[in-house]
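Pasting coords_4.cif here (mmCIF, C-alpha atoms):
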data_my_file
loop_
_atom_site.label_atom_id
_atom_site.label_comp_id
_atom_site.auth_asym_id
_atom_site.auth_seq_id
_atom_site.Cartn_x
_atom_site.Cartn_y
_atom_site.Cartn_z
CA MET J 1 60.98 -140.22 118.79
CA SER J 2 63.98 -140.69 116.48
CA THR J 3 62.52 -143.95 115.19
CA SER J 4 59.32 -142.23 114.04
CA VAL J 5 61.35 -139.57 112.24
CA GLU J 6 63.29 -142.28 110.40
CA HIS J 7 60.05 -143.96 109.31
CA VAL J 8 58.77 -140.66 107.96
CA GLU J 9 61.99 -139.74 106.16
CA GLU J 10 62.50 -143.16 104.53
CA PRO J 11 59.46 -143.11 102.19
CA ARG J 12 60.07 -139.41 101.49
CA GLN J 13 63.64 -140.22 100.40
CA GLU J 14 62.26 -143.04 98.23
CA MET J 15 59.94 -140.58 96.46
CA VAL J 16 62.80 -138.14 95.85
CA SER J 17 64.92 -140.86 94.21
CA LYS J 18 62.22 -141.71 91.62
CA THR J 19 61.89 -140.00 88.26
CA GLN J 20 58.74 -138.23 87.15
CA TRP J 21 57.72 -141.13 84.90
CA GLN J 22 58.24 -143.62 87.72
CA LEU J 23 55.99 -141.52 89.95
CA ILE J 24 53.36 -141.33 87.20
CA TRP J 25 53.42 -145.11 86.77
CA ARG J 26 53.21 -145.60 90.55
CA GLN J 27 50.04 -143.50 90.67
CA PHE J 28 48.64 -145.01 87.47
CA ILE J 29 48.69 -148.62 88.68
CA LYS J 30 46.45 -147.60 91.60
CA HIS J 31 43.66 -146.76 89.14
CA ARG J 32 41.95 -150.11 88.52
CA LEU J 33 39.73 -149.01 85.66
CA ALA J 34 42.73 -147.45 83.92
CA LEU J 35 44.68 -150.70 84.27
CA LEU J 36 41.71 -152.62 82.90
CA GLY J 37 41.49 -150.25 79.94
CA LEU J 38 45.23 -150.58 79.32
CA VAL J 39 45.01 -154.39 79.33
CA ILE J 40 42.05 -154.30 76.92
CA LEU J 41 43.83 -151.94 74.54
CA ALA J 42 47.04 -153.97 74.67
CA PHE J 43 45.03 -157.11 73.85
CA PHE J 44 43.22 -155.43 70.96
CA TYR J 45 46.44 -154.03 69.49
CA VAL J 46 48.20 -157.40 69.68
CA VAL J 47 45.23 -159.27 68.22
CA GLY J 48 43.96 -156.73 65.72
CA VAL J 49 47.06 -154.80 64.64
CA PHE J 50 50.00 -157.16 64.87
CA LEU J 51 48.61 -160.71 64.53
CA PRO J 52 45.08 -160.71 63.09
CA GLU J 53 45.99 -163.49 60.63
CA PHE J 54 46.85 -165.81 63.54
CA PHE J 55 43.96 -164.93 65.86
CA ALA J 56 41.18 -164.82 63.24
CA PRO J 57 39.67 -168.30 62.69
CA HIS J 58 39.18 -167.61 58.96
CA GLY J 59 40.50 -165.33 56.27
CA PRO J 60 38.63 -162.05 55.72
CA ASN J 61 37.22 -163.18 52.38
CA GLU J 62 36.53 -166.86 53.04
CA ARG J 63 32.91 -167.63 52.23
CA PHE J 64 30.35 -169.90 53.80
CA ASP J 65 26.55 -169.81 53.74
CA SER J 66 25.07 -166.31 53.81
CA TYR J 67 23.66 -164.96 57.06
CA LEU J 68 24.62 -167.92 59.23
CA PRO J 69 23.59 -167.12 62.84
CA PRO J 70 26.32 -167.02 65.52
CA GLN J 71 27.30 -170.46 66.77
CA ARG J 72 27.05 -171.15 70.47
CA ILE J 73 30.07 -172.64 72.25
CA ARG J 74 28.93 -175.66 74.24
CA PHE J 75 30.31 -177.97 76.91
CA VAL J 76 27.20 -180.11 77.39
CA ASP J 77 25.51 -181.94 74.54
CA SER J 78 21.79 -182.61 74.07
CA ASP J 79 22.04 -185.84 76.10
CA GLY J 80 23.55 -184.05 79.10
CA ASN J 81 27.07 -185.36 78.59
CA PHE J 82 29.79 -182.95 79.72
CA SER J 83 32.91 -182.40 77.63
CA LEU J 84 36.06 -180.63 78.75
CA ARG J 85 36.74 -179.65 75.15
CA PRO J 86 34.30 -176.98 73.89
CA PHE J 87 32.40 -177.75 70.73
CA VAL J 88 29.82 -176.29 68.37
CA TYR J 89 26.99 -177.82 66.40
CA GLY J 90 26.71 -177.57 62.67
CA TRP J 91 23.76 -175.91 60.95
CA GLU J 92 20.79 -177.45 59.17
CA ARG J 93 19.17 -175.27 56.54
CA LYS J 94 15.37 -175.09 56.50
CA MET J 95 12.79 -173.10 54.60
CA ASP J 96 10.04 -171.21 56.46
CA MET J 97 6.94 -172.05 54.42
CA GLN J 98 5.08 -168.95 55.66
CA THR J 99 7.70 -166.28 54.96
CA TRP J 100 9.79 -168.25 52.41
CA GLN J 101 12.88 -167.24 54.32
CA THR J 102 15.85 -169.54 54.74
CA THR J 103 16.49 -170.36 58.40
CA TYR J 104 19.21 -172.32 60.16
CA VAL J 105 18.75 -174.60 63.16
CA PRO J 106 21.47 -176.45 65.10
CA ASP J 107 22.15 -179.93 63.74
CA GLU J 108 23.00 -182.00 66.81
CA SER J 109 24.28 -184.83 64.64
CA LYS J 110 27.19 -182.63 63.52
CA VAL J 111 29.53 -181.99 66.44
CA PHE J 112 32.74 -180.05 65.81
CA PRO J 113 35.23 -179.83 68.71
CA ILE J 114 37.08 -176.53 68.92
CA GLN J 115 40.81 -177.10 68.65
CA PHE J 116 43.73 -174.79 69.26
CA PHE J 117 46.66 -174.19 66.92
CA VAL J 118 44.98 -175.70 63.90
CA GLN J 119 45.88 -175.41 60.26
CA GLY J 120 43.54 -173.10 58.37
CA SER J 121 43.51 -171.19 55.13
CA PRO J 122 46.96 -169.88 54.09
CA TYR J 123 47.88 -166.26 54.75
CA ARG J 124 50.84 -163.91 54.60
CA LEU J 125 51.62 -162.21 57.90
CA TRP J 126 52.14 -158.50 57.18
CA GLY J 127 52.38 -159.49 53.53
CA GLN J 128 55.84 -161.01 54.11
CA PHE J 129 55.71 -164.33 55.98
CA GLY J 130 53.59 -167.19 54.75
CA GLY J 131 51.68 -169.45 57.13
CA SER J 132 48.44 -171.27 57.84
CA LEU J 133 48.51 -171.78 61.63
CA ARG J 134 45.57 -170.22 63.47
CA LEU J 135 44.87 -169.93 67.19
CA PHE J 136 41.63 -171.90 67.13
CA GLY J 137 39.24 -173.52 64.70
CA VAL J 138 37.46 -176.74 63.82
CA GLU J 139 38.25 -179.52 61.38
CA GLY J 140 35.74 -180.67 58.83
CA GLY J 141 33.17 -177.97 59.55
CA THR J 142 32.60 -174.24 59.98
CA LEU J 143 33.25 -172.06 63.01
CA CYS J 144 31.46 -168.71 62.81
CA LEU J 145 31.03 -167.54 66.39
CA TRP J 146 29.63 -164.17 65.26
CA GLY J 147 27.76 -165.47 62.25
CA THR J 148 28.30 -164.49 58.62
CA ASP J 149 27.36 -161.51 56.48
CA HIS J 150 25.44 -161.25 53.21
CA LEU J 151 28.34 -162.81 51.29
CA GLY J 152 28.92 -165.60 53.79
CA ARG J 153 32.08 -164.09 55.32
CA ASP J 154 32.82 -164.68 59.01
CA VAL J 155 31.93 -161.51 60.97
CA LEU J 156 34.35 -162.25 63.84
CA SER J 157 37.31 -162.77 61.51
CA ARG J 158 36.52 -159.63 59.55
CA THR J 159 36.15 -157.64 62.78
CA ILE J 160 39.62 -158.76 63.92
CA TYR J 161 41.09 -157.73 60.57
CA ALA J 162 39.14 -154.44 60.68
CA MET J 163 40.77 -153.41 63.97
CA ARG J 164 44.14 -153.10 62.20
CA ILE J 165 42.87 -150.16 60.15
CA SER J 166 40.62 -148.58 62.78
CA LEU J 167 43.20 -148.67 65.59
CA THR J 168 46.17 -147.52 63.53
CA ILE J 169 44.26 -144.67 61.90
CA GLY J 170 43.73 -143.29 65.42
CA LEU J 171 47.43 -143.46 66.31
CA VAL J 172 48.66 -141.96 63.05
CA GLY J 173 46.04 -139.22 63.08
CA VAL J 174 46.67 -138.28 66.71
CA THR J 175 50.43 -138.16 66.12
CA ILE J 176 49.92 -135.59 63.37
CA SER J 177 47.39 -133.65 65.49
CA LEU J 178 49.78 -133.70 68.47
CA ILE J 179 52.62 -132.21 66.42
CA LEU J 180 50.35 -129.52 64.97
CA GLY J 181 48.70 -128.74 68.30
CA LEU J 182 51.94 -128.44 70.26
CA ALA J 183 53.70 -126.44 67.55
CA ILE J 184 50.90 -123.98 66.68
CA GLY J 185 49.61 -123.68 70.25
CA GLY J 186 53.12 -123.20 71.59
CA ILE J 187 53.92 -120.47 69.06
CA SER J 188 50.67 -118.73 69.85
CA GLY J 189 51.22 -118.84 73.61
CA LEU J 190 54.89 -117.88 73.59
CA LEU J 191 54.87 -115.08 71.03
CA GLY J 192 51.47 -113.56 71.74
CA GLY J 193 50.52 -110.29 70.10
CA VAL J 194 49.58 -110.25 66.41
CA VAL J 195 50.70 -113.84 65.85
CA ASP J 196 48.49 -115.03 68.70
CA ASN J 197 45.48 -113.11 67.34
CA ILE J 198 45.89 -114.53 63.83
CA ILE J 199 46.26 -118.10 65.08
CA GLN J 200 43.30 -117.83 67.46
CA ARG J 201 41.03 -116.38 64.76
CA LEU J 202 42.03 -119.26 62.46
CA ILE J 203 41.22 -121.78 65.19
CA GLU J 204 37.87 -120.14 65.86
CA VAL J 205 36.97 -120.29 62.17
CA MET J 206 37.87 -123.98 61.99
CA MET J 207 35.97 -124.82 65.18
CA SER J 208 32.87 -122.94 63.99
CA ILE J 209 32.50 -125.15 60.90
CA PRO J 210 30.11 -128.09 61.54
CA THR J 211 32.14 -131.28 61.80
CA ILE J 212 30.09 -133.67 59.68
CA PRO J 213 29.73 -131.32 56.66
CA LEU J 214 33.44 -130.52 56.87
CA TRP J 215 34.33 -134.22 56.89
CA MET J 216 31.97 -134.85 54.02
CA ALA J 217 33.44 -132.01 51.94
CA LEU J 218 37.04 -133.06 52.55
CA ALA J 219 36.31 -136.75 52.01
CA ALA J 220 34.45 -135.96 48.79
CA ALA J 221 37.62 -134.29 47.52
CA VAL J 222 39.43 -137.65 47.62
CA PRO J 223 39.45 -139.09 44.06
CA ARG J 224 37.29 -142.18 43.74
CA ASP J 225 39.92 -143.99 41.69
CA TRP J 226 42.59 -143.85 44.40
CA ARG J 227 43.95 -147.11 45.76
CA PRO J 228 42.82 -148.21 49.26
CA LEU J 229 46.21 -147.33 50.79
CA GLN J 230 46.04 -143.81 49.35
CA VAL J 231 42.50 -143.35 50.65
CA TYR J 232 43.63 -144.57 54.09
CA PHE J 233 46.36 -141.93 54.37
CA ALA J 234 44.07 -139.27 52.89
CA ILE J 235 41.40 -139.94 55.52
CA THR J 236 44.09 -139.90 58.24
CA VAL J 237 45.38 -136.51 57.12
CA ILE J 238 41.84 -135.13 56.82
CA LEU J 239 40.99 -136.16 60.38
CA SER J 240 44.29 -134.75 61.65
CA LEU J 241 43.84 -131.37 59.97
CA VAL J 242 40.56 -130.78 61.77
CA GLY J 243 41.53 -132.39 65.08
CA TRP J 244 44.41 -130.26 66.34
CA THR J 245 42.50 -127.12 67.32
CA GLY J 246 41.42 -128.27 70.79
CA LEU J 247 44.93 -129.29 71.83
CA ALA J 248 46.36 -126.04 70.42
CA ARG J 249 43.98 -124.05 72.62
CA VAL J 250 45.06 -125.99 75.72
CA VAL J 251 48.77 -125.64 74.90
CA ARG J 252 48.41 -121.92 74.25
CA SER J 253 46.63 -121.25 77.57
CA LYS J 254 49.17 -123.28 79.56
CA PHE J 255 52.13 -121.62 77.85
CA MET J 256 50.71 -118.18 78.62
CA SER J 257 50.28 -119.06 82.30
CA LEU J 258 53.71 -120.68 82.63
CA ARG J 259 55.93 -118.35 80.58
CA GLU J 260 56.06 -115.75 83.39
CA MET J 261 56.82 -118.25 86.16
CA ASP J 262 60.04 -117.88 88.11
CA PHE J 263 61.64 -121.10 86.88
CA VAL J 264 61.08 -120.05 83.25
CA SER J 265 62.52 -116.60 83.92
CA ALA J 266 65.53 -118.22 85.60
CA ALA J 267 66.07 -120.49 82.60
CA LYS J 268 65.93 -117.48 80.29
CA GLY J 269 68.43 -115.70 82.54
CA TYR J 270 70.92 -118.51 81.99
CA ASN J 271 70.43 -118.15 78.20
CA THR J 272 68.76 -121.55 77.96
CA PRO J 273 67.66 -122.29 74.38
CA GLN J 274 63.97 -121.79 73.70
CA SER J 275 63.57 -125.41 72.60
CA VAL J 276 64.98 -126.65 75.90
CA ILE J 277 62.66 -124.36 77.88
CA ILE J 278 59.68 -125.72 75.98
CA THR J 279 60.57 -129.43 76.17
CA GLN J 280 62.08 -129.58 79.68
CA HIS J 281 60.26 -126.84 81.60
CA LEU J 282 56.91 -125.98 80.00
CA ILE J 283 55.55 -129.22 78.53
CA PRO J 284 56.28 -131.42 81.62
CA ASN J 285 54.18 -129.03 83.72
CA PHE J 286 51.01 -129.72 81.74
CA ILE J 287 51.75 -133.25 80.50
CA SER J 288 48.55 -134.45 82.19
CA TYR J 289 46.49 -132.26 79.86
CA VAL J 290 48.35 -133.66 76.87
CA PHE J 291 47.65 -137.21 78.06
CA VAL J 292 43.96 -136.51 78.43
CA SER J 293 43.83 -134.84 75.04
CA LEU J 294 45.57 -137.77 73.35
CA THR J 295 43.45 -140.47 74.96
CA LEU J 296 40.31 -138.58 73.99
CA ALA J 297 41.53 -137.75 70.49
CA ILE J 298 42.30 -141.37 69.53
CA PRO J 299 38.72 -142.61 70.06
CA ASP J 300 37.49 -139.44 68.36
CA MET J 301 39.59 -140.37 65.33
CA ILE J 302 38.24 -143.92 65.39
CA LEU J 303 34.66 -142.67 65.67
CA ALA J 304 35.25 -140.17 62.86
CA GLU J 305 36.60 -142.86 60.55
CA THR J 306 33.70 -145.12 61.50
CA ALA J 307 31.19 -142.36 60.76
CA LEU J 308 32.77 -141.48 57.41
CA SER J 309 32.96 -145.11 56.31
CA PHE J 310 29.42 -145.73 57.56
CA LEU J 311 28.21 -142.87 55.36
CA GLY J 312 30.18 -144.20 52.41
CA LEU J 313 32.54 -141.21 52.37
CA GLY J 314 35.56 -142.75 54.05
CA LEU J 315 37.26 -146.06 53.47
CA ARG J 316 35.58 -148.37 51.00
CA PRO J 317 35.77 -152.10 50.24
CA PRO J 318 37.98 -154.02 49.75
CA VAL J 319 39.49 -152.15 52.73
CA ILE J 320 38.19 -153.63 55.98
CA SER J 321 37.56 -151.27 58.89
CA LEU J 322 34.95 -151.17 61.63
CA GLY J 323 33.15 -148.40 59.78
CA VAL J 324 33.10 -150.40 56.55
CA LEU J 325 31.63 -153.39 58.42
CA LEU J 326 28.96 -151.24 60.04
CA SER J 327 28.01 -149.76 56.67
CA ARG J 328 26.22 -153.05 56.01
CA ALA J 329 24.02 -152.35 59.05
CA GLN J 330 22.17 -149.35 57.61
CA ASP J 331 19.08 -151.27 56.55
CA LEU J 332 16.63 -151.61 59.45
CA GLN J 333 15.04 -154.70 57.94
CA THR J 334 18.42 -156.39 57.59
CA ILE J 335 19.30 -155.61 61.22
CA SER J 336 15.96 -156.89 62.49
CA MET J 337 16.59 -160.22 60.78
CA HIS J 338 20.38 -160.43 61.30
CA PRO J 339 21.24 -158.41 64.44
CA TRP J 340 24.73 -159.93 64.72
CA LEU J 341 25.87 -157.56 61.96
CA LEU J 342 25.99 -154.86 64.67
CA LEU J 343 28.63 -156.74 66.69
CA PRO J 344 31.52 -154.70 65.17
CA GLY J 345 29.86 -151.66 66.73
CA LEU J 346 30.28 -153.32 70.13
CA MET J 347 34.03 -153.34 69.54
CA VAL J 348 33.94 -149.60 68.84
CA VAL J 349 32.17 -149.02 72.17
CA ILE J 350 34.68 -151.15 74.10
CA ILE J 351 37.68 -149.45 72.45
CA VAL J 352 36.34 -145.95 73.17
CA LEU J 353 35.58 -146.82 76.81
CA ALA J 354 39.03 -148.36 77.28
CA PHE J 355 40.74 -145.23 75.93
CA ASN J 356 38.63 -143.06 78.24
CA PHE J 357 39.54 -145.20 81.28
CA VAL J 358 43.25 -144.98 80.42
CA GLY J 359 42.97 -141.22 79.89
CA ASP J 360 41.26 -140.77 83.24
CA GLY J 361 44.01 -142.75 84.98
CA LEU J 362 46.81 -140.86 83.21
CA ARG J 363 45.22 -137.53 84.06
CA ASP J 364 45.17 -138.38 87.76
CA ALA J 365 48.63 -139.97 87.71
CA ALA J 366 50.29 -137.05 85.89
CA ASP J 367 48.72 -134.42 88.11
CA PRO J 368 51.72 -132.81 89.87
CA TYR J 369 49.69 -132.46 93.07
CA GLN J 370 49.25 -136.25 93.14
CA LEU J 371 52.96 -137.03 92.72
CA SER J 372 53.74 -137.05 96.39
#
As structure tokens:
Amino acid sequence: MSTSVEHVEEPRQEMVSKTQWQLIWRQFIKHRLALLGLVILAFFYVVGVFLPEFFAPHGPNERFDSYLPPQRIRFVDSDGNFSLRPFVYGWERKMDMQTWQTTYVPDESKVFPIQFFVQGSPYRLWGQFGGSLRLFGVEGGTLCLWGTDHLGRDVLSRTIYAMRISLTIGLVGVTISLILGLAIGGISGLLGGVVDNIIQRLIEVMMSIPTIPLWMALAAAVPRDWRPLQVYFAITVILSLVGWTGLARVVRSKFMSLREMDFVSAAKGYNTPQSVIITQHLIPNFISYVFVSLTLAIPDMILAETALSFLGLGLRPPVISLGVLLSRAQDLQTISMHPWLLLPGLMVVIIVLAFNFVGDGLRDAADPYQLS
């Protein structure tokens, strides 16, 4: 009987010795979809935000033939010979005598093996360090796995470069929204009374305004002669100023329910500073809601930037973002003839799903009833 008691008490003692963040991580790694989403996001941030110059096979403005179809990676040639090294065929340009459209067919006489760590066009990593080494490429030919656009620029390379803007605009915007939401929602929930009524009426007015017209009005206020960097920060601030209301509502409701709890009253009885009560007693008790709000707000920011840029009201060339790339996909005739121009939209879908998976896992892991 004593042995069974020891086996019960041992894991319980192990749980007591772990911090809250260790318990959250222990629960999080049990969520397979959340782990998958975290791996995908980590890969995208490394490739698209930190090292796009190295991972992209070409520079964002290198030009080849216009509207080249995506090249297929092959291991077996037309004669049935297998090669351990992947390769691609070159393209042969032909003219369709019925439609007078230029078409491209694989030229099996031009075989280009795909090589790793090849020298490509020169670049400056983060504008500071010069280099020309790229992860993969071909020598003596072209490698456009996602085809090219109307100016002959590689769609895959431009998509990798575009993720730097689209992914960082979500982080910066959500950081600003988080600060505003926690501060305004916390003030509203803690003080109550007239202050709470004023803040809630302001939130209701902002939430009642249709989103797209509000974005369009605020984006139209950005001067057209601003530099791309100025427009980037302006769009980030615009998205943040309209994105904090939902989190403020959640923070306000949780503060109102927690401010009368016994542990908060005890902290007040010991003359604990208000800032300590908020950061160490109130916020940790609804951190799961904050996690969910953040992981949902980041893809919302990315989608908002994509929508604004798609409509021509957000970022504009020469800035490269996923929305700017998709703005070339507005013409139905162009898409019917060159459907690979929609591939940047696939990246938007994957990024949004990955954030949702991570948010779902964090919500379950941070639930205090699960930390046991």
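Once the PyMOL selection byres ((chain J and resi 41) around 10) is applied to the shown structure, the selection contains J:Leu35, J:Leu36, J:Gly37, J:Leu38, J:Val39, J:Ile40, J:Ala42, J:Phe43, J:Phe44, J:Tyr45, J:Val46, J:Val47, J:Leu167, J:Ile350, J:Ile351, J:Val352, J:Leu353, J:Ala354, J:Phe355, J:Val358.
Across J:Asn81, J:Gln22, J:Gln101, J:Ser309, the tightest approach to Ala220 in chain J is made by J:Ser309 when counting only C-alpha atoms.
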Hey, what's within 10 Å of Ala183 in chain J if we count only C-alpha atoms and toss same-chain stuff fewer than 4 positions away? As a PyMOL selection string, please? chain J and resi 177-179+187-188+248+251-252
Have a look at J:Ser253, J:Gly152, J:Ala219, J:Phe87 and name the one nearest to Gln200 in chain J; count all atoms listed in the file. J:Ser253
Counting only C-alpha atoms, note down every residue that has an atom within 10 Å of the point (28.3, -184.5, 62.1) (file coordinates), as a PDB file with C-alpha atoms, in the coordinates of the input.
ATOM      1  CA  TYR J  89      26.990-177.820  66.400  1.00  0.00           C
ATOM      2  CA  GLY J  90      26.710-177.570  62.670  1.00  0.00           C
ATOM      3  CA  TRP J  91      23.760-175.910  60.950  1.00  0.00           C
ATOM      4  CA  ASP J 107      22.150-179.930  63.740  1.00  0.00           C
ATOM      5  CA  GLU J 108      23.000-182.000  66.810  1.00  0.00           C
ATOM      6  CA  SER J 109      24.280-184.830  64.640  1.00  0.00           C
ATOM      7  CA  LYS J 110      27.190-182.630  63.520  1.00  0.00           C
ATOM      8  CA  VAL J 111      29.530-181.990  66.440  1.00  0.00           C
ATOM      9  CA  PHE J 112      32.740-180.050  65.810  1.00  0.00           C
ATOM     10  CA  GLY J 140      35.740-180.670  58.830  1.00  0.00           C
ATOM     11  CA  GLY J 141      33.170-177.970  59.550  1.00  0.00           C
TER      12      GLY J 141
END
Let me make sure I understand: among J:Ile320, J:Gly314, J:Leu135, J:Thr99, which one has the smallest atom-to-atom distance to Trp226 in chain J if we use all atoms listed in the file? J:Gly314
Got a sec: who's within 9 Å of Ser327 in chain J, counting all atoms listed in the file, leaving out chain neighbours fewer than 6 positions off, as an MDAnalysis selection string? chainID J and resid 306 309:312
Using all atoms listed in the file, give me every residue within 12 Å of (51.2, -116.5, 78.7) in file coordinates, as a VMD selection string. chain J and resid 185 to 193 196 250 to 261 264 282
Kindly indicate which residue among J:Leu133, J:Val231, J:Val237, J:Leu343 lies nearest to Arg316 in chain J, using only C-alpha atoms for the distances. J:Val231
List, as JSON, numbers by chain, every residue that the PyMOL selection byres ((chain J and resi 48-55) around 10) selects in the file provided. {"J": [42, 43, 44, 45, 46, 47, 56, 57, 58, 59, 60, 117, 120, 121, 122, 123, 124, 125, 126, 131, 132, 133, 134, 135, 136, 137, 157, 158, 159, 160, 161, 162, 163, 164, 165, 166, 167, 168]}
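Distances here use only C-alpha atoms; by that measure, the residue among J:Phe75, J:Phe129, J:Trp340, J:Tyr232 closest to Val319 in chain J is J:Tyr232.
Among J:Asn271, J:Asn356, J:Gln330, J:Thr279, the residue with the shortest atom-to-atom distance to Leu33 in chain J, counting all atoms listed in the file, is J:Asn356.
The two atoms in question, CA of Leu294 in chain J and CA of Phe28 in chain J, are spaced 16.2 Å apart.
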Could you tell me which residues the PyMOL selection byres ((chain J and resi 297) around 9) grabs in this file, written as a PDB file with C-alpha atoms, in the frame of the given file?
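Result went into selection-v4.pdb, see below:
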ATOM      1  CA  GLY J 170      43.730-143.290  65.420  1.00  0.00           C
ATOM      2  CA  GLY J 173      46.040-139.220  63.080  1.00  0.00           C
ATOM      3  CA  VAL J 174      46.670-138.280  66.710  1.00  0.00           C
ATOM      4  CA  SER J 177      47.390-133.650  65.490  1.00  0.00           C
ATOM      5  CA  GLY J 243      41.530-132.390  65.080  1.00  0.00           C
ATOM      6  CA  VAL J 292      43.960-136.510  78.430  1.00  0.00           C
ATOM      7  CA  SER J 293      43.830-134.840  75.040  1.00  0.00           C
ATOM      8  CA  LEU J 294      45.570-137.770  73.350  1.00  0.00           C
ATOM      9  CA  THR J 295      43.450-140.470  74.960  1.00  0.00           C
ATOM     10  CA  LEU J 296      40.310-138.580  73.990  1.00  0.00           C
ATOM     11  CA  ILE J 298      42.300-141.370  69.530  1.00  0.00           C
ATOM     12  CA  PRO J 299      38.720-142.610  70.060  1.00  0.00           C
ATOM     13  CA  ASP J 300      37.490-139.440  68.360  1.00  0.00           C
ATOM     14  CA  MET J 301      39.590-140.370  65.330  1.00  0.00           C
ATOM     15  CA  ILE J 302      38.240-143.920  65.390  1.00  0.00           C
TER      16      ILE J 302
END
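CA of Glu62 in chain J to CA of Leu325 in chain J spans 15.3 Å [interatomic distance, one decimal].
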As an exercise, work out the distance from CA of Pro113 in chain J to CA of Leu143 in chain J in Å and give it to one decimal place. 9.8 Å
Edge lengths and centre in Å to one decimal, as JSON, is what I'm after for the box along x, y and z that holds all listed atoms of range 124-136 of chain J once 3 Å is added on each side.
{"center_x": 48.7, "center_y": -165.2, "center_z": 60.4, "size_x": 20.2, "size_y": 19.4, "size_z": 19.7}
Contact residues around Phe64 in chain J with only C-alpha atoms at 10 Å, ignoring same-chain residues under 3 positions, as an mmCIF file with C-alpha atoms, keeping the file's coordinate frame:
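Contents of out-v5.cif, as written:
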data_model
loop_
_atom_site.group_PDB
_atom_site.id
_atom_site.type_symbol
_atom_site.label_atom_id
_atom_site.label_comp_id
_atom_site.auth_asym_id
_atom_site.auth_seq_id
_atom_site.Cartn_x
_atom_site.Cartn_y
_atom_site.Cartn_z
ATOM 1 C CA ASN J 61 37.220 -163.180 52.380
ATOM 2 C CA TYR J 67 23.660 -164.960 57.060
ATOM 3 C CA LEU J 68 24.620 -167.920 59.230
ATOM 4 C CA THR J 142 32.600 -174.240 59.980
ATOM 5 C CA LEU J 143 33.250 -172.060 63.010
ATOM 6 C CA CYS J 144 31.460 -168.710 62.810
ATOM 7 C CA GLY J 147 27.760 -165.470 62.250
ATOM 8 C CA THR J 148 28.300 -164.490 58.620
ATOM 9 C CA ASP J 149 27.360 -161.510 56.480
ATOM 10 C CA HIS J 150 25.440 -161.250 53.210
ATOM 11 C CA LEU J 151 28.340 -162.810 51.290
ATOM 12 C CA GLY J 152 28.920 -165.600 53.790
ATOM 13 C CA ARG J 153 32.080 -164.090 55.320
ATOM 14 C CA ASP J 154 32.820 -164.680 59.010
#
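Residues surrounding Pro284 in chain J within 12 Å are Gln20, Trp21, Ile24, Val251, Lys254, Phe255, Leu258, Val276, Ile277, Ile278, Thr279, Tyr289, Val290, Phe291, Ala366, Asp367 and Pro368 of chain J [all atoms listed in the file; sequence separation below 5 positions excluded].
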